[in-house]
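Novice: What follows is query34.cif, mmCIF, C-alpha atoms.
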data_query
loop_
_atom_site.label_atom_id
_atom_site.label_comp_id
_atom_site.auth_asym_id
_atom_site.auth_seq_id
_atom_site.Cartn_x
_atom_site.Cartn_y
_atom_site.Cartn_z
CA MET A 1 21.83 10.89 28.38
CA ALA A 2 21.73 10.10 24.68
CA ARG A 3 19.57 12.22 22.44
CA ASP A 4 16.77 10.52 20.56
CA LEU A 5 17.56 9.75 16.93
CA ALA A 6 15.72 9.56 13.62
CA ILE A 7 17.29 7.31 10.97
CA ASP A 8 16.48 7.30 7.27
CA LEU A 9 17.85 3.83 6.56
CA GLY A 10 17.80 3.92 2.78
CA THR A 11 18.98 1.42 0.20
CA ALA A 12 21.51 3.95 -1.11
CA ASN A 13 22.17 6.39 1.76
CA THR A 14 21.67 6.54 5.51
CA LEU A 15 20.92 9.87 7.18
CA VAL A 16 20.78 10.40 10.93
CA TYR A 17 19.01 13.22 12.78
CA ALA A 18 19.56 13.88 16.49
CA LYS A 19 16.87 15.61 18.53
CA GLN A 20 17.65 19.32 19.05
CA ARG A 21 20.85 19.00 16.99
CA GLY A 22 19.69 18.35 13.43
CA ILE A 23 21.30 16.09 10.84
CA LEU A 24 24.46 14.48 12.21
CA PHE A 25 25.66 12.74 9.05
CA ALA A 26 24.62 11.35 5.70
CA GLU A 27 26.62 8.49 4.20
CA PRO A 28 26.18 5.60 1.75
CA THR A 29 24.50 2.49 3.19
CA VAL A 30 27.55 0.28 2.66
CA LEU A 31 29.75 -1.90 4.85
CA ALA A 32 33.17 -3.26 3.92
CA LEU A 33 33.65 -6.72 5.42
CA ASN A 34 36.48 -9.21 5.69
CA LYS A 35 34.82 -12.19 4.01
CA GLU A 36 36.96 -14.68 5.94
CA THR A 37 36.47 -13.33 9.46
CA GLY A 38 33.23 -11.34 9.11
CA ALA A 39 34.92 -8.30 10.67
CA VAL A 40 33.69 -4.85 9.64
CA LEU A 41 36.55 -2.89 8.05
CA ALA A 42 34.73 0.30 7.11
CA MET A 43 31.29 1.83 6.73
CA GLY A 44 29.65 4.64 4.83
CA GLU A 45 31.74 6.85 2.57
CA GLU A 46 34.96 4.95 3.27
CA ALA A 47 33.33 1.60 2.38
CA TRP A 48 31.68 3.09 -0.73
CA ARG A 49 35.07 4.12 -2.08
CA MET A 50 36.12 0.45 -1.87
CA ILE A 51 33.40 -0.83 -4.24
CA GLY A 52 35.07 -2.54 -7.19
CA ARG A 53 38.54 -1.73 -5.82
CA THR A 54 39.24 -4.39 -3.18
CA PRO A 55 41.07 -7.74 -3.04
CA GLY A 56 38.97 -10.88 -3.05
CA TYR A 57 38.73 -11.31 0.72
CA ILE A 58 37.22 -7.81 1.21
CA VAL A 59 33.62 -7.32 0.08
CA ALA A 60 31.60 -4.12 0.02
CA VAL A 61 28.04 -5.04 1.04
CA ARG A 62 24.76 -3.14 0.81
CA PRO A 63 22.62 -4.77 3.54
CA LEU A 64 19.31 -3.41 2.21
CA ARG A 65 17.58 -4.17 -1.07
CA SER A 66 14.56 -2.10 -2.13
CA GLY A 67 14.40 -0.67 1.39
CA ALA A 68 14.09 -4.12 3.01
CA ILE A 69 16.71 -5.97 5.03
CA SER A 70 18.46 -8.54 2.86
CA ASP A 71 20.95 -9.58 5.57
CA PHE A 72 19.81 -9.21 9.17
CA ASP A 73 23.21 -9.66 10.85
CA ILE A 74 24.96 -7.15 8.60
CA THR A 75 22.11 -4.64 9.03
CA GLU A 76 22.39 -4.99 12.80
CA LYS A 77 26.14 -4.31 12.57
CA LEU A 78 25.44 -1.27 10.40
CA ILE A 79 22.87 0.17 12.82
CA ARG A 80 25.19 -0.50 15.75
CA LEU A 81 27.96 1.46 13.99
CA ILE A 82 25.50 4.26 13.18
CA LEU A 83 24.51 4.52 16.85
CA GLN A 84 28.16 4.52 17.91
CA LYS A 85 28.96 7.27 15.40
CA ALA A 86 26.04 9.27 16.83
CA GLY A 87 27.62 9.00 20.29
CA VAL A 88 25.29 6.35 21.71
CA SER A 89 26.49 4.06 24.50
CA TRP A 90 24.81 1.34 26.55
CA TRP A 91 24.52 3.85 29.40
CA GLY A 92 22.44 6.24 27.33
CA ARG A 93 20.35 4.20 24.96
CA PRO A 94 18.15 6.42 22.76
CA LYS A 95 14.65 6.20 21.43
CA VAL A 96 15.00 5.66 17.68
CA LEU A 97 12.56 6.52 14.91
CA VAL A 98 13.32 4.64 11.68
CA CYS A 99 11.91 5.59 8.27
CA VAL A 100 10.72 2.60 6.22
CA PRO A 101 9.09 2.21 2.77
CA SER A 102 5.31 1.98 2.95
CA ALA A 103 5.46 -1.17 0.80
CA LEU A 104 7.31 -3.22 3.43
CA THR A 105 5.48 -6.24 4.82
CA ASP A 106 4.86 -6.71 8.54
CA VAL A 107 7.68 -9.26 8.63
CA GLU A 108 10.10 -6.82 6.99
CA ARG A 109 9.07 -4.05 9.38
CA ARG A 110 9.58 -6.35 12.35
CA ALA A 111 13.07 -7.17 11.05
CA VAL A 112 13.95 -3.45 11.00
CA GLU A 113 12.63 -3.02 14.52
CA GLU A 114 14.48 -6.07 15.89
CA ALA A 115 17.75 -5.06 14.21
CA THR A 116 17.48 -1.56 15.73
CA LEU A 117 16.75 -2.88 19.23
CA SER A 118 19.54 -5.47 18.98
CA ALA A 119 21.95 -2.70 17.94
CA GLY A 120 21.34 -0.81 21.20
CA ALA A 121 18.20 1.34 20.93
CA ARG A 122 15.98 1.69 24.01
CA SER A 123 12.86 1.63 21.85
CA CYS A 124 12.14 1.66 18.14
CA HIS A 125 9.28 3.32 16.26
CA LEU A 126 8.67 3.25 12.52
CA ILE A 127 7.34 5.93 10.18
CA GLU A 128 6.52 5.46 6.52
CA GLU A 129 8.86 7.35 4.22
CA PRO A 130 6.18 9.18 2.17
CA ILE A 131 4.66 10.59 5.39
CA ALA A 132 8.08 11.67 6.65
CA ALA A 133 8.94 13.19 3.26
CA ALA A 134 5.67 15.14 3.23
CA ILE A 135 6.36 16.52 6.72
CA GLY A 136 9.93 17.37 5.72
CA ALA A 137 8.62 19.20 2.66
CA GLY A 138 6.24 21.24 4.82
CA LEU A 139 3.02 19.84 3.35
CA PRO A 140 -0.23 20.20 5.36
CA ILE A 141 -0.67 16.46 5.89
CA HIS A 142 -3.12 16.80 8.82
CA GLU A 143 -5.63 18.85 6.85
CA PRO A 144 -8.48 17.36 4.79
CA MET A 145 -6.54 18.11 1.63
CA GLY A 146 -4.81 15.77 -0.82
CA SER A 147 -1.01 15.99 -1.05
CA LEU A 148 0.73 13.72 -3.56
CA VAL A 149 4.34 12.82 -2.76
CA VAL A 150 6.66 11.01 -5.16
CA ASP A 151 9.77 9.73 -3.37
CA VAL A 152 12.34 8.22 -5.76
CA GLY A 153 14.95 6.42 -3.68
CA GLY A 154 17.88 4.17 -4.39
CA GLY A 155 15.92 0.93 -4.54
CA THR A 156 12.24 1.89 -4.34
CA SER A 157 10.03 4.64 -5.72
CA GLU A 158 6.93 5.42 -3.70
CA VAL A 159 3.89 7.45 -4.68
CA ALA A 160 1.48 8.34 -1.89
CA LEU A 161 -1.63 10.52 -1.66
CA ILE A 162 -1.82 11.82 1.89
CA SER A 163 -4.70 13.44 3.74
CA MET A 164 -5.66 13.81 7.43
CA GLY A 165 -2.33 12.41 8.62
CA GLY A 166 -2.51 9.13 6.70
CA ILE A 167 -1.92 7.54 3.32
CA VAL A 168 -5.15 7.33 1.33
CA THR A 169 -3.73 5.58 -1.74
CA ASN A 170 -0.20 4.58 -2.57
CA THR A 171 1.76 2.80 -5.27
CA ALA A 172 5.30 1.52 -4.93
CA VAL A 173 7.63 0.12 -7.56
CA ARG A 174 10.94 -1.51 -6.75
CA VAL A 175 12.74 0.78 -9.17
CA GLY A 176 15.18 3.47 -8.06
CA GLY A 177 18.55 5.05 -8.61
CA PHE A 178 20.43 1.74 -8.50
CA ASP A 179 18.23 0.38 -11.28
CA LEU A 180 19.12 3.37 -13.44
CA ASP A 181 22.81 2.67 -12.82
CA SER A 182 22.31 -0.98 -13.73
CA ALA A 183 20.40 -0.01 -16.88
CA ILE A 184 23.31 2.21 -17.95
CA GLN A 185 25.76 -0.65 -17.37
CA ASN A 186 23.60 -3.00 -19.46
CA PHE A 187 23.19 -0.43 -22.25
CA VAL A 188 26.95 0.16 -22.54
CA ARG A 189 27.61 -3.59 -22.46
CA ARG A 190 24.99 -4.23 -25.16
CA GLU A 191 25.77 -1.34 -27.48
CA TYR A 192 29.53 -1.05 -27.08
CA THR A 193 30.54 -4.46 -25.59
CA ILE A 194 32.25 -2.59 -22.76
CA ALA A 195 31.95 -3.46 -19.07
CA ILE A 196 31.78 -0.58 -16.58
CA GLY A 197 31.40 -0.56 -12.78
CA GLU A 198 28.43 0.77 -10.85
CA ARG A 199 30.36 3.82 -9.65
CA THR A 200 31.17 4.76 -13.26
CA ALA A 201 27.53 4.25 -14.24
CA GLU A 202 26.38 6.49 -11.40
CA ARG A 203 28.87 9.20 -12.38
CA ILE A 204 27.62 9.16 -15.98
CA LYS A 205 23.99 9.27 -14.81
CA ILE A 206 24.65 12.34 -12.68
CA SER A 207 26.77 14.17 -15.26
CA ILE A 208 24.80 13.64 -18.49
CA GLY A 209 21.75 11.49 -17.64
CA SER A 210 18.27 12.90 -18.26
CA ALA A 211 14.66 11.79 -18.44
CA PHE A 212 13.58 14.47 -20.92
CA PRO A 213 15.30 15.95 -24.01
CA MET A 214 17.60 18.82 -23.08
CA ALA A 215 17.99 22.12 -24.89
CA HIS A 216 21.70 21.37 -25.19
CA GLU A 217 22.44 17.66 -25.20
CA LYS A 218 25.66 16.57 -23.49
CA GLN A 219 28.32 13.96 -24.00
CA ALA A 220 31.01 12.42 -21.83
CA GLU A 221 34.07 10.23 -22.16
CA LEU A 222 33.57 6.77 -20.74
CA ARG A 223 36.32 4.29 -19.94
CA GLY A 224 35.66 0.59 -19.46
CA ARG A 225 36.93 -2.89 -20.22
CA ASP A 226 36.44 -4.19 -23.75
CA LEU A 227 34.70 -7.56 -23.45
CA ALA A 228 36.35 -8.94 -26.59
CA SER A 229 39.98 -8.03 -25.92
CA GLY A 230 39.90 -7.51 -22.15
CA MET A 231 41.78 -4.24 -22.66
CA PRO A 232 40.77 -0.77 -21.42
CA LYS A 233 38.80 1.22 -23.98
CA ASN A 234 37.52 4.79 -24.20
CA ILE A 235 34.28 5.84 -25.90
CA ILE A 236 32.21 9.00 -26.17
CA ILE A 237 28.62 8.52 -25.00
CA THR A 238 25.78 11.03 -25.33
CA SER A 239 22.90 12.08 -23.11
CA GLU A 240 20.45 10.80 -25.75
CA GLU A 241 21.96 7.32 -25.45
CA ILE A 242 21.77 7.36 -21.66
CA ARG A 243 18.15 8.49 -21.88
CA GLU A 244 17.40 5.55 -24.15
CA GLY A 245 19.13 3.15 -21.76
CA ILE A 246 17.16 4.24 -18.66
CA ASN A 247 13.85 4.98 -20.38
CA GLU A 248 12.09 1.78 -19.31
CA ASN A 249 12.88 2.30 -15.62
CA VAL A 250 11.94 5.98 -15.71
CA ARG A 251 8.61 5.11 -17.38
CA SER A 252 7.89 2.59 -14.60
CA VAL A 253 7.99 5.37 -12.02
CA VAL A 254 5.81 7.65 -14.16
CA ALA A 255 3.30 4.80 -14.61
CA ALA A 256 3.15 4.34 -10.82
CA VAL A 257 2.25 8.03 -10.39
CA ILE A 258 -0.53 7.80 -12.97
CA GLU A 259 -1.81 4.57 -11.38
CA CYS A 260 -1.95 6.21 -7.93
CA LEU A 261 -3.85 9.20 -9.30
CA GLY A 262 -6.24 6.91 -11.14
CA SER A 263 -7.16 4.99 -7.99
CA SER A 264 -7.55 8.04 -5.72
CA PRO A 265 -10.79 9.75 -4.60
CA PRO A 266 -11.80 12.45 -7.15
CA ASP A 267 -11.99 15.27 -4.61
CA LEU A 268 -8.42 14.63 -3.44
CA VAL A 269 -7.21 14.41 -7.04
CA GLN A 270 -8.69 17.89 -7.56
CA ASP A 271 -6.43 19.12 -4.75
CA VAL A 272 -3.42 17.58 -6.49
CA LEU A 273 -4.38 19.25 -9.78
CA SER A 274 -4.46 22.60 -7.96
CA ASN A 275 -1.40 22.18 -5.70
CA GLY A 276 0.78 19.92 -7.82
CA ILE A 277 2.96 16.90 -7.10
CA THR A 278 5.82 17.08 -4.59
CA LEU A 279 8.93 15.29 -5.88
CA THR A 280 11.64 14.18 -3.48
CA GLY A 281 14.42 11.60 -3.10
CA GLY A 282 17.84 11.39 -4.74
CA GLY A 283 16.49 9.59 -7.81
CA GLY A 284 14.06 12.44 -8.43
CA MET A 285 17.04 14.74 -9.05
CA LEU A 286 17.61 13.11 -12.45
CA SER A 287 17.68 15.97 -14.94
CA GLY A 288 14.32 16.53 -16.64
CA PHE A 289 12.42 13.97 -14.57
CA ASP A 290 10.13 16.65 -13.12
CA VAL A 291 9.39 17.93 -16.65
CA LEU A 292 8.57 14.44 -17.94
CA LEU A 293 6.37 13.65 -14.93
CA SER A 294 4.49 16.94 -15.27
CA GLN A 295 3.90 16.35 -18.97
CA GLU A 296 2.74 12.73 -18.59
CA ALA A 297 0.53 13.24 -15.51
CA GLU A 298 -0.69 16.68 -16.67
CA VAL A 299 -0.07 18.04 -13.15
CA PRO A 300 2.48 20.65 -11.99
CA VAL A 301 5.52 19.10 -10.29
CA HIS A 302 7.57 20.78 -7.55
CA MET A 303 10.96 19.51 -6.39
CA THR A 304 11.54 19.92 -2.65
CA ASP A 305 14.33 22.23 -1.53
CA GLN A 306 16.26 19.34 0.04
CA PRO A 307 15.26 16.17 -1.85
CA LEU A 308 17.91 13.96 -0.24
CA GLU A 309 17.14 15.16 3.29
CA SER A 310 13.34 15.53 3.19
CA VAL A 311 12.60 12.14 4.76
CA VAL A 312 15.00 12.44 7.70
CA LEU A 313 14.03 16.09 8.29
CA GLY A 314 10.38 15.04 8.48
CA ALA A 315 11.25 12.25 10.91
CA GLY A 316 13.26 14.78 12.91
CA LYS A 317 10.21 17.03 13.21
CA CYS A 318 8.31 14.02 14.55
CA LEU A 319 11.01 13.51 17.18
CA GLU A 320 10.79 17.14 18.27
CA ALA A 321 7.00 16.85 18.67
CA PHE A 322 6.87 13.15 19.52
CA GLU A 323 3.72 13.00 21.64
CA SER A 324 1.57 15.08 19.29
CA LEU A 325 2.67 13.23 16.15
CA LYS A 326 3.11 9.63 17.34
CA SER A 327 -0.33 8.71 15.99
CA ILE A 328 1.16 8.65 12.47
CA PHE A 329 3.78 6.02 13.35
CA VAL A 330 3.27 2.45 12.17
CA ASP A 331 3.60 -0.64 14.36
CA ALA A 332 5.81 -3.48 13.25
#
Once more with this new file: its structure as structure tokens, please.

Specialist:
Amino acid sequence: MARDLAIDLGTANTLVYAKQRGILFAEPTVLALNKETGAVLAMGEEAWRMIGRTPGYIVAVRPLRSGAISDFDITEKLIRLILQKAGVSWWGRPKVLVCVPSALTDVERRAVEEATLSAGARSCHLIEEPIAAAIGAGLPIHEPMGSLVVDVGGGTSEVALISMGGIVTNTAVRVGGFDLDSAIQNFVRREYTIAIGERTAERIKISIGSAFPMAHEKQAELRGRDLASGMPKNIIITSEEIREGINENVRSVVAAVIECLGSSPPDLVQDVLSNGITLTGGGGMLSGFDVLLSQEAEVPVHMTDQPLESVVLGAGKCLEAFESLKSIFVDA
């Protein structure tokens, strides 16, 4: 009989947790398709390596945008492949718990549920990502105490104040790691008239990107295509320039945190002032982001031990104690 699964179906990465076994795999949320036949050629890490490197008839597709399904059929294919990779067959269909952004509409949630059931799940339940992240981070979400979680994902950043097992106030902005990559691409194009791919932009973001001035600023060599001549060109770019390029997007996330605090009950805000903000998600790992957020919100900020895995680990804990925690799930 198949083990029940928890899936963090993110815009950037998909993580899968199996009951009593832990995290099975974590791979990019990408499919490589034959554009002419619609056949799936690769998924996950293998498909991600194909981005920007394939002939015209092969396309690398991200089926989710800002945490919502942008292509139902492709998402269903992706979930079906995920279930197959987890060892699921039609003779042992599992119960599946899917993590979704709190900002999704009822229609978008229903699309996730229907895609999961069509892919072969016996039943599908949904949990909001900030709740799952808080559980994964070990926060006391069932106590009458305010816990503020900032989850910076690939396509969406969510800020949620949680108390007594539910979200009291939340703010979501459709800004995430992909937007930072895009901002770097636009900056390099504007300042140096050089075109670079999204994989190059992501590499630069990880290696020298920052949200706050560093004690020792960095620089890196960047290779792209000169827009005037069409020839390859090398430049040296600095961390200060990258910071300038992504500043607007970073400030949008900070503004969302301040907005959430400003609309929250005063007593719960006092708890946040005492206990600090919990930062999670891959986008939150941007160098200096915790320092900037702490300075702007005037609240201590703590990065979780496993920012990329917090959501799926929290969902996994819900699977292990399904009956006692199912009251926090959301209905599509």

Novice: For this file, the PyMOL selection byres ((chain A and resi 162) around 12) selects which residues, as a PDB file with C-alpha atoms, in the coordinates of the input?

Specialist:
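Result file is result-v7.pdb:
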ATOM      1  CA  GLU A 128       6.520   5.460   6.520  1.00  0.00           C
ATOM      2  CA  GLU A 129       8.860   7.350   4.220  1.00  0.00           C
ATOM      3  CA  PRO A 130       6.180   9.180   2.170  1.00  0.00           C
ATOM      4  CA  ILE A 131       4.660  10.590   5.390  1.00  0.00           C
ATOM      5  CA  ALA A 132       8.080  11.670   6.650  1.00  0.00           C
ATOM      6  CA  ALA A 133       8.940  13.190   3.260  1.00  0.00           C
ATOM      7  CA  ALA A 134       5.670  15.140   3.230  1.00  0.00           C
ATOM      8  CA  ILE A 135       6.360  16.520   6.720  1.00  0.00           C
ATOM      9  CA  LEU A 139       3.020  19.840   3.350  1.00  0.00           C
ATOM     10  CA  PRO A 140      -0.230  20.200   5.360  1.00  0.00           C
ATOM     11  CA  ILE A 141      -0.670  16.460   5.890  1.00  0.00           C
ATOM     12  CA  HIS A 142      -3.120  16.800   8.820  1.00  0.00           C
ATOM     13  CA  GLU A 143      -5.630  18.850   6.850  1.00  0.00           C
ATOM     14  CA  PRO A 144      -8.480  17.360   4.790  1.00  0.00           C
ATOM     15  CA  MET A 145      -6.540  18.110   1.630  1.00  0.00           C
ATOM     16  CA  GLY A 146      -4.810  15.770  -0.820  1.00  0.00           C
ATOM     17  CA  SER A 147      -1.010  15.990  -1.050  1.00  0.00           C
ATOM     18  CA  LEU A 148       0.730  13.720  -3.560  1.00  0.00           C
ATOM     19  CA  VAL A 149       4.340  12.820  -2.760  1.00  0.00           C
ATOM     20  CA  VAL A 150       6.660  11.010  -5.160  1.00  0.00           C
ATOM     21  CA  VAL A 159       3.890   7.450  -4.680  1.00  0.00           C
ATOM     22  CA  ALA A 160       1.480   8.340  -1.890  1.00  0.00           C
ATOM     23  CA  LEU A 161      -1.630  10.520  -1.660  1.00  0.00           C
ATOM     24  CA  SER A 163      -4.700  13.440   3.740  1.00  0.00           C
ATOM     25  CA  MET A 164      -5.660  13.810   7.430  1.00  0.00           C
ATOM     26  CA  GLY A 165      -2.330  12.410   8.620  1.00  0.00           C
ATOM     27  CA  GLY A 166      -2.510   9.130   6.700  1.00  0.00           C
ATOM     28  CA  ILE A 167      -1.920   7.540   3.320  1.00  0.00           C
ATOM     29  CA  VAL A 168      -5.150   7.330   1.330  1.00  0.00           C
ATOM     30  CA  THR A 169      -3.730   5.580  -1.740  1.00  0.00           C
ATOM     31  CA  ASN A 170      -0.200   4.580  -2.570  1.00  0.00           C
ATOM     32  CA  CYS A 260      -1.950   6.210  -7.930  1.00  0.00           C
ATOM     33  CA  LEU A 261      -3.850   9.200  -9.300  1.00  0.00           C
ATOM     34  CA  SER A 264      -7.550   8.040  -5.720  1.00  0.00           C
ATOM     35  CA  PRO A 265     -10.790   9.750  -4.600  1.00  0.00           C
ATOM     36  CA  LEU A 268      -8.420  14.630  -3.440  1.00  0.00           C
ATOM     37  CA  VAL A 269      -7.210  14.410  -7.040  1.00  0.00           C
ATOM     38  CA  ASP A 271      -6.430  19.120  -4.750  1.00  0.00           C
ATOM     39  CA  VAL A 272      -3.420  17.580  -6.490  1.00  0.00           C
ATOM     40  CA  ILE A 277       2.960  16.900  -7.100  1.00  0.00           C
ATOM     41  CA  THR A 278       5.820  17.080  -4.590  1.00  0.00           C
ATOM     42  CA  ILE A 328       1.160   8.650  12.470  1.00  0.00           C
TER      43      ILE A 328
END

Novice: Could you tell me, as a list in words, exactly which residues end up selected when the PyMOL selection byres ((chain A and resi 173) around 9) is applied to this structure?

Specialist: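 Applied to this file, the PyMOL selection byres ((chain A and resi 173) around 9) selects Ala103, Gly155, Thr156, Ser157, Glu158, Val159, Thr171, Ala172, Arg174, Val175, Gly176, Ser252, Val253 and Ala256 of chain A.
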
Novice: Would you mind exporting the chosen residues as a compact mmCIF listing (two decimals), in the frame of the given file, restricted to C-alpha atoms?

Specialist:
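Printed below is selection_12.txt as written:
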# COMPACT_ATOMS: atom_id res chain seq x y z
CA ALA A 103 5.46 -1.17 0.80
CA GLY A 155 15.92 0.93 -4.54
CA THR A 156 12.24 1.89 -4.34
CA SER A 157 10.03 4.64 -5.72
CA GLU A 158 6.93 5.42 -3.70
CA VAL A 159 3.89 7.45 -4.68
CA THR A 171 1.76 2.80 -5.27
CA ALA A 172 5.30 1.52 -4.93
CA ARG A 174 10.94 -1.51 -6.75
CA VAL A 175 12.74 0.78 -9.17
CA GLY A 176 15.18 3.47 -8.06
CA SER A 252 7.89 2.59 -14.60
CA VAL A 253 7.99 5.37 -12.02
CA ALA A 256 3.15 4.34 -10.82

Novice: Between CA of Ala211 (chain A) and CA of Glu309 (chain A), what distance in Å does the model show, to one decimal?

Specialist: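 Those two atoms sit 22.1 Å apart.
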
Novice: I'd like to know which of A:Lys317, A:Lys77, A:Arg199, A:Arg110 is closest to Ala42 (chain A), using only C-alpha atoms.

Specialist: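 Result for the nearest residue to Ala42 (chain A): A:Lys77.
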
Novice: Quick check on the file I pasted: which residues fall under the PyMOL selection byres ((chain A and resi 16) around 6)? Write them as a PDB file with C-alpha atoms, keeping the file's coordinate frame.

Specialist:
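The resulting file, selection-v3.pdb, is shown below:
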ATOM      1  CA  ALA A   6      15.720   9.560  13.620  1.00  0.00           C
ATOM      2  CA  ILE A   7      17.290   7.310  10.970  1.00  0.00           C
ATOM      3  CA  LEU A  15      20.920   9.870   7.180  1.00  0.00           C
ATOM      4  CA  TYR A  17      19.010  13.220  12.780  1.00  0.00           C
ATOM      5  CA  ILE A  23      21.300  16.090  10.840  1.00  0.00           C
ATOM      6  CA  LEU A  24      24.460  14.480  12.210  1.00  0.00           C
ATOM      7  CA  PHE A  25      25.660  12.740   9.050  1.00  0.00           C
TER       8      PHE A  25
END

Novice: Could you please determine the separation between CA of Lys218 (chain A) and CA of Leu286 (chain A) in Å, to one decimal place?

Specialist: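 Straight-line distance from CA of Lys218 (chain A) to CA of Leu286 (chain A) works out to 14.1 Å.
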
Novice: Rounded to one decimal place, report the CA of Cys318 (chain A)-CA of Gly136 (chain A) distance in Å.

Specialist: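 So the two atoms, CA of Cys318 (chain A) and CA of Gly136 (chain A), lie 9.6 Å apart.
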
Novice: May I have a table of the residues of region 44-85 of chain A lying at most 6 Å from region 117-125 of chain A, giving each one's closest pair of atoms and their distance in Å to one decimal, counting all atoms listed in the file, ordered by chain and ascending residue number, as a tab-separated table?

Specialist:
residue	atom	partner	partner_atom	distance
A:Glu76	CA	A:Ala119	CA	5.6
A:Ile79	CA	A:Ala119	CA	5.9
A:Arg80	CA	A:Ala119	CA	4.5

Novice: With only C-alpha atoms as the basis for distance, which of A:Glu198, A:His216, A:Glu244, A:Leu227 is at the shortest distance from Gly52 (chain A)?

Specialist: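 Closest to Gly52 (chain A), using only C-alpha atoms: A:Glu198.
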
Novice: Taking all atoms listed in the file into account, name the residue in A:Glu241, A:Glu248, A:Glu108, A:Asp8 that is nearest to Gly209 (chain A).

Specialist: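 Checking each candidate against Gly209 (chain A), we get A:Glu241 as the closest.
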
Novice: A:Val98, A:Leu5, A:Leu222, A:Val107: which is nearest Ile235 (chain A), counting all atoms listed in the file?

Specialist: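 Result for the nearest residue to Ile235 (chain A): A:Leu222.
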
Novice: Given the choices A:Ser207, A:Leu292, A:Asp226, A:Leu41, which gets closest to Arg189 (chain A) if the distance is worked out from all atoms listed in the file?

Specialist: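 Between A:Ser207, A:Leu292, A:Asp226, A:Leu41, the residue approaching Arg189 (chain A) most closely is A:Asp226.
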
Novice: Pick out the closest residue to Thr11 (chain A) from this set: A:Ile51, A:Val100, A:Val291, A:Leu83. Count only C-alpha atoms.

Specialist: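 Closest residue, counting only C-alpha atoms: A:Val100.
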
Novice: Within 12 Å of Leu64 (chain A), counting all atoms listed in the file, which residues qualify if same-chain residues fewer than 6 places away don't, as a list in words?

Specialist: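 Neighbouring residues, sequence-local ones excluded: Leu9, Gly10, Thr11, Ala12, Asn13, Thr14, Pro28, Thr29, Val30, Leu31, Ser70, Asp71, Phe72, Asp73, Ile74, Thr75, Glu76, Leu78, Ile79, Val100, Pro101, Glu108, Ala111, Val112, Gly154, Gly155, Thr156 and Phe178 of chain A.
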
Novice: Where's the centre, and what are the edge lengths in Å to one decimal, of a box along x, y and z enclosing all listed atoms of region 299-316 of chain A padded 6 Å per side, as AutoDock Vina command-line options?

Specialist:
--center_x 8.9 --center_y 17.2 --center_z -0.1 --size_x 30.0 --size_y 22.1 --size_z 38.1
